$ cat coords14.cif   # mmCIF, C-alpha atoms and all ligand atoms
data_coords
loop_
_atom_site.label_atom_id
_atom_site.label_comp_id
_atom_site.auth_asym_id
_atom_site.auth_seq_id
_atom_site.Cartn_x
_atom_site.Cartn_y
_atom_site.Cartn_z
CA MET A 1 23.98 -40.77 13.45
CA SER A 2 24.52 -44.26 14.93
CA ARG A 3 27.55 -45.09 17.07
CA ILE A 4 29.18 -47.09 14.28
CA ASP A 5 28.79 -44.16 11.83
CA ASN A 6 30.43 -41.85 14.38
CA VAL A 7 33.28 -44.29 14.90
CA LYS A 8 33.83 -44.67 11.16
CA ALA A 9 33.94 -40.86 10.80
CA GLU A 10 36.53 -40.72 13.62
CA LEU A 11 38.64 -43.33 11.84
CA ALA A 12 38.41 -41.48 8.54
CA LYS A 13 39.75 -38.33 10.20
CA GLU A 14 42.45 -40.12 12.17
CA PRO A 15 43.34 -43.58 10.85
CA LYS A 16 44.68 -46.19 13.29
CA LYS A 17 46.98 -49.11 12.70
CA TRP A 18 45.35 -52.53 13.13
CA LEU A 19 46.62 -56.08 13.46
CA ILE A 20 44.24 -58.84 12.37
CA THR A 21 45.34 -62.35 13.24
CA GLY A 22 43.72 -65.11 11.21
CA VAL A 23 43.44 -62.59 8.35
CA ALA A 24 43.26 -65.26 5.62
CA GLY A 25 40.25 -66.90 7.26
CA PHE A 26 36.54 -66.20 6.89
CA ILE A 27 36.01 -63.51 9.54
CA GLY A 28 39.59 -62.16 9.36
CA SER A 29 39.39 -61.49 5.61
CA ASN A 30 36.03 -59.73 6.02
CA LEU A 31 37.54 -57.53 8.76
CA LEU A 32 40.47 -56.78 6.47
CA GLU A 33 38.18 -55.75 3.63
CA ALA A 34 36.13 -53.48 5.91
CA LEU A 35 39.18 -51.74 7.43
CA LEU A 36 40.86 -51.21 4.06
CA GLU A 37 37.58 -49.76 2.75
CA LEU A 38 37.90 -47.30 5.66
CA ASP A 39 41.48 -46.46 4.51
CA GLN A 40 43.09 -47.91 7.63
CA PRO A 41 46.63 -49.32 7.60
CA VAL A 42 46.39 -53.03 8.46
CA VAL A 43 48.91 -55.73 9.33
CA GLY A 44 47.59 -59.27 8.94
CA MET A 45 49.01 -62.54 10.17
CA ASP A 46 48.11 -66.10 9.24
CA ASN A 47 49.76 -69.51 8.93
CA PHE A 48 47.13 -70.81 6.45
CA ILE A 49 46.22 -73.78 8.64
CA THR A 50 42.55 -73.25 7.74
CA GLY A 51 42.79 -69.91 5.87
CA TYR A 52 43.47 -69.37 2.17
CA ALA A 53 45.61 -67.12 0.01
CA HIS A 54 42.59 -66.85 -2.33
CA ASN A 55 40.66 -65.08 0.44
CA LEU A 56 43.35 -62.38 0.49
CA GLU A 57 43.32 -62.20 -3.32
CA ASP A 58 39.55 -61.74 -3.22
CA VAL A 59 39.94 -58.82 -0.78
CA LYS A 60 42.64 -57.32 -3.03
CA ARG A 61 40.28 -57.45 -6.04
CA THR A 62 37.43 -55.95 -4.01
CA VAL A 63 39.28 -53.00 -2.47
CA GLY A 64 41.54 -52.14 -5.42
CA PRO A 65 45.31 -51.57 -5.62
CA GLU A 66 45.49 -48.22 -3.81
CA ARG A 67 43.80 -49.47 -0.66
CA TRP A 68 45.59 -52.82 -0.89
CA ASP A 69 48.89 -50.93 -0.54
CA LYS A 70 47.91 -50.14 3.04
CA PHE A 71 48.05 -53.87 3.90
CA ALA A 72 51.15 -55.74 5.10
CA PHE A 73 50.95 -59.52 5.39
CA ILE A 74 53.05 -61.64 7.73
CA GLN A 75 52.97 -65.37 7.11
CA GLY A 76 53.43 -66.32 10.73
CA ASP A 77 52.16 -68.42 13.58
CA ILE A 78 50.63 -67.10 16.79
CA ARG A 79 52.40 -69.91 18.65
CA ASN A 80 55.71 -68.27 17.73
CA PRO A 81 56.55 -65.30 20.04
CA GLU A 82 58.81 -63.66 17.43
CA ASP A 83 55.98 -63.65 14.84
CA CYS A 84 53.61 -62.19 17.44
CA ARG A 85 56.08 -59.43 18.34
CA ARG A 86 56.60 -58.59 14.66
CA GLY A 87 52.84 -58.44 14.10
CA CYS A 88 52.20 -56.14 17.09
CA SER A 89 54.93 -53.61 16.34
CA GLY A 90 53.52 -50.07 16.12
CA VAL A 91 49.92 -51.32 16.20
CA ASP A 92 47.04 -49.44 17.88
CA TYR A 93 44.43 -52.21 17.96
CA ILE A 94 44.58 -55.99 17.76
CA LEU A 95 41.62 -57.94 16.40
CA HIS A 96 42.62 -61.47 17.35
CA GLN A 97 40.72 -63.99 15.23
CA ALA A 98 43.31 -66.73 14.67
CA ALA A 99 42.21 -70.01 16.21
CA LEU A 100 41.26 -73.51 15.20
CA GLY A 101 37.48 -73.39 14.92
CA SER A 102 34.95 -76.22 15.00
CA VAL A 103 33.76 -78.27 17.94
CA PRO A 104 34.14 -81.65 16.13
CA ARG A 105 37.71 -80.81 15.06
CA SER A 106 38.61 -80.08 18.68
CA ILE A 107 37.10 -83.40 19.79
CA ASP A 108 39.24 -85.17 17.13
CA ASP A 109 42.40 -83.19 17.94
CA PRO A 110 42.32 -81.44 21.32
CA ILE A 111 46.09 -80.96 21.44
CA THR A 112 46.44 -78.84 18.28
CA THR A 113 43.29 -76.94 19.25
CA ASN A 114 44.82 -76.11 22.61
CA MET A 115 48.17 -75.14 21.09
CA CYS A 116 46.60 -72.66 18.65
CA ASN A 117 43.73 -71.44 20.77
CA VAL A 118 45.34 -71.27 24.20
CA ASP A 119 49.15 -71.14 23.77
CA GLY A 120 48.79 -68.90 20.69
CA PHE A 121 46.27 -66.68 22.48
CA LEU A 122 48.64 -66.21 25.41
CA GLN A 123 51.55 -65.39 23.08
CA MET A 124 49.38 -62.73 21.43
CA LEU A 125 48.30 -61.27 24.79
CA VAL A 126 51.93 -60.96 25.90
CA ALA A 127 53.08 -59.49 22.57
CA GLY A 128 50.18 -57.02 22.55
CA MET A 129 50.88 -55.94 26.10
CA GLU A 130 54.63 -55.54 25.46
CA ALA A 131 53.89 -53.50 22.32
CA ARG A 132 51.54 -51.32 24.44
CA VAL A 133 48.67 -51.62 22.01
CA LYS A 134 45.59 -49.60 22.97
CA ARG A 135 43.25 -52.59 23.02
CA PHE A 136 43.13 -56.33 22.48
CA VAL A 137 39.81 -57.40 20.96
CA PHE A 138 39.40 -61.15 20.58
CA ALA A 139 37.02 -63.73 19.16
CA SER A 140 35.38 -65.82 21.85
CA SER A 141 32.41 -68.05 21.17
CA SER A 142 28.87 -68.88 22.22
CA SER A 143 30.22 -72.40 22.90
CA VAL A 144 31.30 -71.16 26.35
CA TYR A 145 27.62 -71.40 27.39
CA GLY A 146 28.08 -75.17 27.26
CA ASP A 147 25.24 -77.21 28.67
CA SER A 148 23.32 -74.23 30.08
CA GLU A 149 19.76 -74.49 28.78
CA LYS A 150 18.79 -71.01 29.83
CA LEU A 151 17.53 -68.75 27.04
CA PRO A 152 18.42 -66.12 26.11
CA LYS A 153 22.12 -66.51 26.93
CA VAL A 154 23.32 -63.78 29.29
CA GLU A 155 27.06 -63.17 29.57
CA GLU A 156 27.43 -63.97 33.27
CA GLU A 157 25.47 -67.23 33.20
CA THR A 158 27.51 -70.00 31.57
CA GLY A 159 27.19 -73.77 31.99
CA SER A 160 29.74 -76.58 31.81
CA VAL A 161 31.63 -76.51 28.52
CA LEU A 162 31.09 -79.50 26.22
CA SER A 163 34.21 -79.59 24.01
CA PRO A 164 37.95 -78.83 23.96
CA TYR A 165 37.12 -75.91 21.62
CA ALA A 166 34.71 -74.39 24.15
CA ALA A 167 37.25 -74.97 26.94
CA SER A 168 39.90 -73.12 24.91
CA LYS A 169 37.63 -70.11 24.43
CA LEU A 170 36.71 -70.06 28.11
CA VAL A 171 40.41 -70.17 29.02
CA ASN A 172 40.95 -67.18 26.67
CA GLU A 173 38.40 -65.21 28.65
CA ILE A 174 40.01 -66.25 31.95
CA TYR A 175 43.49 -65.22 30.74
CA ALA A 176 42.21 -61.91 29.44
CA GLY A 177 40.72 -61.22 32.89
CA VAL A 178 44.09 -61.98 34.51
CA PHE A 179 45.83 -59.56 32.14
CA SER A 180 43.58 -56.64 33.06
CA ARG A 181 43.82 -57.37 36.78
CA VAL A 182 47.57 -58.08 36.92
CA TYR A 183 49.00 -55.97 34.08
CA ASP A 184 46.28 -53.35 33.59
CA PHE A 185 45.97 -54.42 29.93
CA ASN A 186 42.68 -53.53 28.20
CA TRP A 187 40.69 -56.09 26.25
CA ILE A 188 37.22 -56.90 24.98
CA GLY A 189 36.07 -60.44 24.20
CA LEU A 190 33.33 -60.99 21.61
CA ARG A 191 31.32 -64.17 21.97
CA TYR A 192 30.27 -64.73 18.38
CA PHE A 193 27.21 -66.85 17.83
CA ASN A 194 26.96 -68.76 14.50
CA VAL A 195 28.49 -66.37 11.99
CA PHE A 196 27.88 -66.64 8.25
CA GLY A 197 28.83 -64.72 5.11
CA LYS A 198 31.12 -64.47 2.14
CA ARG A 199 34.38 -66.39 1.99
CA GLN A 200 33.13 -68.89 4.59
CA ASP A 201 34.68 -72.24 3.75
CA PRO A 202 32.10 -74.74 2.38
CA ASN A 203 34.58 -77.61 2.14
CA GLY A 204 35.95 -80.24 4.46
CA ALA A 205 34.65 -82.32 7.32
CA TYR A 206 34.43 -79.32 9.66
CA ALA A 207 32.59 -76.88 7.37
CA ALA A 208 29.81 -74.80 8.93
CA VAL A 209 26.23 -75.64 8.03
CA ILE A 210 25.29 -72.58 5.93
CA PRO A 211 28.09 -72.64 3.29
CA ARG A 212 27.85 -76.46 3.24
CA TRP A 213 24.13 -76.43 2.46
CA ILE A 214 24.46 -73.64 -0.11
CA ASP A 215 27.13 -75.62 -1.93
CA ALA A 216 25.09 -78.82 -1.73
CA LEU A 217 22.08 -77.10 -3.31
CA ILE A 218 24.18 -75.40 -5.99
CA ASN A 219 25.62 -78.81 -6.87
CA LYS A 220 22.12 -80.38 -6.80
CA LYS A 221 23.01 -82.55 -3.81
CA THR A 222 20.84 -83.30 -0.80
CA PRO A 223 21.61 -81.18 2.27
CA VAL A 224 21.81 -83.24 5.47
CA ILE A 225 20.15 -81.93 8.64
CA ASN A 226 21.47 -83.34 11.91
CA GLY A 227 18.39 -84.27 13.96
CA ASP A 228 14.78 -83.27 13.26
CA GLY A 229 15.49 -79.72 12.05
CA GLY A 230 13.98 -78.16 15.18
CA THR A 231 17.40 -77.31 16.60
CA SER A 232 17.77 -73.53 16.64
CA ARG A 233 20.64 -71.05 16.57
CA ASP A 234 21.16 -67.29 16.66
CA PHE A 235 22.78 -66.88 13.22
CA CYS A 236 24.73 -63.67 12.78
CA TYR A 237 25.76 -62.07 9.50
CA VAL A 238 29.47 -61.33 9.24
CA LYS A 239 28.95 -57.58 8.69
CA ASP A 240 27.46 -57.31 12.17
CA VAL A 241 30.55 -59.08 13.55
CA ILE A 242 32.71 -56.47 11.79
CA GLN A 243 30.64 -53.70 13.31
CA ALA A 244 31.13 -55.24 16.76
CA ASN A 245 34.91 -55.49 16.35
CA ILE A 246 35.29 -51.86 15.29
CA LEU A 247 33.02 -50.66 18.10
CA ALA A 248 34.90 -52.80 20.63
CA ALA A 249 38.25 -51.37 19.58
CA LEU A 250 37.09 -47.77 19.79
CA SER A 251 34.62 -47.81 22.69
CA ASN A 252 35.96 -45.37 25.22
CA GLY A 253 33.86 -45.69 28.38
CA PRO A 254 35.84 -47.54 31.09
CA GLU A 255 32.69 -49.54 31.93
CA ALA A 256 32.87 -51.14 28.45
CA LEU A 257 36.39 -52.50 28.93
CA ASP A 258 37.61 -55.89 30.12
CA LYS A 259 34.29 -57.59 29.46
CA VAL A 260 32.86 -60.24 27.19
CA TYR A 261 29.90 -59.49 24.91
CA ASN A 262 27.42 -61.63 23.05
CA ILE A 263 27.56 -60.78 19.36
CA ALA A 264 24.58 -62.12 17.46
CA CYS A 265 21.41 -61.10 15.74
CA GLY A 266 19.28 -61.58 18.87
CA ASP A 267 16.87 -63.87 17.04
CA ARG A 268 16.45 -67.63 16.80
CA THR A 269 16.16 -69.64 13.57
CA THR A 270 15.58 -73.39 13.41
CA LEU A 271 17.58 -75.50 10.96
CA ASN A 272 14.40 -76.19 8.99
CA GLN A 273 13.70 -72.44 8.73
CA LEU A 274 17.32 -71.82 7.80
CA LEU A 275 17.19 -74.25 4.92
CA GLY A 276 13.96 -72.58 3.77
CA LEU A 277 15.68 -69.16 3.79
CA ILE A 278 18.65 -70.52 1.81
CA LYS A 279 16.35 -72.14 -0.75
CA ASN A 280 14.29 -68.92 -1.07
CA SER A 281 17.36 -66.78 -1.74
CA LEU A 282 18.87 -69.35 -4.10
CA CYS A 283 15.65 -69.92 -6.08
CA SER A 284 15.84 -66.53 -7.80
CA HIS A 285 19.19 -67.64 -9.29
CA MET A 286 18.49 -71.34 -9.77
CA PRO A 287 14.80 -72.30 -9.42
CA GLU A 288 15.60 -76.04 -9.29
CA ALA A 289 17.07 -75.53 -5.76
CA GLY A 290 13.49 -75.17 -4.50
CA GLY A 291 12.73 -78.81 -5.31
CA ILE A 292 15.63 -80.36 -3.35
CA ASP A 293 14.49 -81.84 -0.04
CA PRO A 294 16.83 -82.43 2.89
CA GLU A 295 17.78 -85.73 4.43
CA TYR A 296 17.48 -86.01 8.22
CA GLY A 297 20.38 -87.68 10.07
CA PRO A 298 21.09 -88.40 13.73
CA PHE A 299 21.53 -85.57 16.24
CA ARG A 300 25.18 -84.51 16.54
CA LYS A 301 26.89 -85.36 19.80
CA GLY A 302 27.46 -82.39 22.10
CA ASP A 303 25.05 -80.06 20.23
CA VAL A 304 22.78 -77.99 22.44
CA ARG A 305 19.15 -77.92 21.30
CA HIS A 306 18.59 -74.16 21.24
CA SER A 307 20.70 -71.05 21.33
CA LEU A 308 19.70 -67.42 21.49
CA ALA A 309 21.77 -64.43 22.58
CA ASP A 310 20.79 -61.60 24.86
CA ILE A 311 22.61 -58.76 23.10
CA SER A 312 21.60 -55.97 25.47
CA ARG A 313 25.07 -55.58 26.97
CA ALA A 314 26.64 -54.99 23.53
CA LYS A 315 23.82 -52.60 22.64
CA GLU A 316 24.16 -50.62 25.83
CA LEU A 317 27.95 -50.48 26.31
CA LEU A 318 29.29 -50.72 22.75
CA GLY A 319 26.43 -49.10 20.82
CA TYR A 320 26.05 -52.32 18.78
CA THR A 321 22.88 -52.63 16.69
CA PRO A 322 22.59 -55.62 14.38
CA LEU A 323 21.82 -54.32 10.91
CA TYR A 324 21.13 -57.68 9.26
CA SER A 325 18.33 -60.15 9.83
CA VAL A 326 19.26 -63.72 8.87
CA ALA A 327 17.12 -63.34 5.71
CA ARG A 328 18.83 -60.10 4.64
CA GLY A 329 22.30 -61.46 5.34
CA MET A 330 21.46 -64.68 3.48
CA GLU A 331 20.28 -62.74 0.44
CA GLU A 332 23.58 -60.82 0.31
CA PHE A 333 25.71 -63.93 0.95
CA ILE A 334 23.99 -65.93 -1.76
CA GLN A 335 24.27 -63.10 -4.29
CA TRP A 336 28.02 -63.06 -3.62
CA ARG A 337 28.24 -66.86 -3.85
CA VAL A 338 26.38 -66.96 -7.16
CA ARG A 339 28.53 -64.11 -8.58
CA ALA A 340 31.69 -65.96 -7.49
CA MET A 341 30.63 -68.96 -9.63
CA LYS A 342 30.59 -66.88 -12.83
N1 LIG A 401 32.62 -68.65 12.27
C1 LIG A 401 31.91 -68.71 13.39
O1 LIG A 401 30.69 -68.98 13.37
C2 LIG A 401 32.55 -68.46 14.72
C3 LIG A 401 31.74 -68.54 15.88
C4 LIG A 401 32.34 -68.31 17.12
C5 LIG A 401 33.67 -67.97 17.20
N2 LIG A 401 34.43 -67.90 16.07
C6 LIG A 401 35.85 -67.56 16.19
O2 LIG A 401 36.16 -66.52 15.25
C7 LIG A 401 37.51 -66.64 14.82
C8 LIG A 401 37.59 -66.67 13.30
O3 LIG A 401 36.85 -67.80 12.85
P1 LIG A 401 36.59 -68.11 11.31
O4 LIG A 401 35.23 -68.67 11.21
O5 LIG A 401 36.96 -66.93 10.50
O6 LIG A 401 37.62 -69.32 11.10
P2 LIG A 401 38.69 -69.56 9.95
O7 LIG A 401 39.21 -70.93 10.16
O8 LIG A 401 38.12 -69.20 8.62
O9 LIG A 401 39.81 -68.49 10.31
C9 LIG A 401 40.78 -68.69 11.29
C10 LIG A 401 42.11 -68.25 10.71
O10 LIG A 401 43.12 -68.37 11.72
C11 LIG A 401 44.27 -68.92 11.13
N3 LIG A 401 45.05 -69.59 12.18
C12 LIG A 401 44.67 -70.65 12.94
N4 LIG A 401 45.67 -71.01 13.76
C13 LIG A 401 46.69 -70.15 13.52
C14 LIG A 401 47.98 -70.03 14.05
N5 LIG A 401 48.44 -70.88 14.96
N6 LIG A 401 48.77 -69.02 13.61
C15 LIG A 401 48.34 -68.16 12.65
N7 LIG A 401 47.11 -68.25 12.09
C16 LIG A 401 46.30 -69.24 12.52
C17 LIG A 401 43.74 -69.89 10.08
O11 LIG A 401 44.68 -70.22 9.08
C18 LIG A 401 42.55 -69.12 9.53
O12 LIG A 401 42.90 -68.30 8.45
C19 LIG A 401 38.06 -67.90 15.50
O13 LIG A 401 38.72 -67.50 16.68
C20 LIG A 401 36.81 -68.68 15.85
O14 LIG A 401 37.02 -69.55 16.94
C21 LIG A 401 33.90 -68.15 14.83
#

$ encode --input "coords14.cif" --output "structure tokens"
Amino acid sequence: MSRIDNVKAELAKEPKKWLITGVAGFIGSNLLEALLELDQPVVGMDNFITGYAHNLEDVKRTVGPERWDKFAFIQGDIRNPEDCRRGCSGVDYILHQAALGSVPRSIDDPITTNMCNVDGFLQMLVAGMEARVKRFVFASSSSVYGDSEKLPKVEEETGSVLSPYAASKLVNEIYAGVFSRVYDFNWIGLRYFNVFGKRQDPNGAYAAVIPRWIDALINKKTPVINGDGGTSRDFCYVKDVIQANILAALSNGPEALDKVYNIACGDRTTLNQLLGLIKNSLCSHMPEAGGIDPEYGPFRKGDVRHSLADISRAKELLGYTPLYSVARGMEEFIQWRVRAMK
């Protein structure tokens, strides 16, 4: 039995109470669905700045009314200490996902990014500590590796950060460190690499590349590749991110605590290969997608050329094993996307 199967069996025997911040967003709503499927009571908080009520409705449809009854939603803001206190009350584990994502958005609006990602993070740390939650698990980001060109990325070797977003995530990690040293408060930070999967927002100027390209192809539009397509990333399917969050909350060895972990697939895919994978998966549903060629645009400012995670720390200390290759995750995501159109 793998570590995650053991942990799920533990949770089935003895359910815990969870708080998910950013629950109406992409990753938050997937975490919600997974925890409700495990019959866990969940409190979720969101202010809908980038999340959607329809994500919550989709989870409700998927899990059914009985499991949905175990969910309590707070429309609240992590910048507001009273909302944070309300969210943390009686909670065992916090999975803190709420933040303003996107590097370009943070370059356009560093102040709001800092308010949500740093002030809000600190409010949640304080509320979690005061509520004596067992553990604070939070979403960090591979962007903290900044301009470091070293591959694969190892947790202790970061470069200079290249955006207000990356700075906010680095500050999160610094604050978390202070809280374990000063207040003896336990946390685990998960540096997600490029995550993809169902309910990821395809719309708007700051949409991530995978849902944007899928929607372009579905609508018979030309997907735009920034640069020559040789840029590579370690794309990670959302179900592996869920696995990592649950493992991080329940890992019990003291050596696993108060650390950051790379959460990724541990494999590198170029943008050209990625588009090929998307077209392959989409072709079985709409063969015409195969004939749409991309347009190549300029390289995006601040983008690093290659990214690849060393995931050995998460494997060793959390028992994390990615279960999805990019191709397998893409197949599942596209099946969901095509079903959602019907
Ligand atoms: N998606 C990725 O590839 C990726 C990669 C690295 C890190 N992350 C991190 O993972 C987390 C979740 O990202 P996502 O892709 O699901 O983004 P998302 O935008 O879909 O979800 C974020 C959610 O947080 C909510 N939120 C933002 N500010 C808030 C505030 N002040 N108060 C209450 N709610 C607030 C939003 O409304 C949204 O529902 C974020 O912390 C993000 O930085 C994501």

$ residues_around --input "coords14.cif" --residues "Ala244 (chain A)" --least-positions-apart "4" --cutoff "10 Å" --atoms "all atoms listed in the file" --output "number ranges by chain"
A: 4, 137, 190, 192, 238-240, 248-249, 261-264, 314-315, 318-322

$ atom_distance --input "coords14.cif" --atom1 "CA of Leu274 (chain A)" --atom2 "CA of Val326 (chain A)"
8.4 Å

$ atom_distance --input "coords14.cif" --atom1 "CA of Leu162 (chain A)" --atom2 "atom C2 of ligand LIG 401 (chain A)"
16.0 Å

$ residues_near_ligand --input "coords14.cif" --ligand "ligand LIG 401 (chain A)" --cutoff "6 Å" --atoms "all atoms listed in the file" --output "JSON, numbers by chain"
{"A": [22, 23, 24, 25, 26, 27, 28, 46, 47, 48, 49, 50, 51, 76, 77, 78, 79, 97, 98, 99, 100, 101, 116, 139, 140, 141, 192, 193, 194, 195]}

$ closest_residue --input "coords14.cif" --among "A:Pro152, A:Pro211, A:Gly87, A:Gly291" --to "Arg233 (chain A)" --atoms "only C-alpha atoms"
A:Pro152

$ atom_distance --input "coords14.cif" --atom1 "CA of Met341 (chain A)" --atom2 "CA of Asp69 (chain A)"
27.2 Å

$ closest_residue --input "coords14.cif" --among "A:Phe136, A:Phe71, A:Phe185, A:Tyr52" --to "Ile246 (chain A)" --atoms "all atoms listed in the file"
A:Phe136

$ residues_near_point --input "coords14.cif" --point "(23.0, -83.9, 14.7)" --cutoff "8 Å" --atoms "only C-alpha atoms" --output "PyMOL selection string"
chain A and resi 225-227+297-301+303
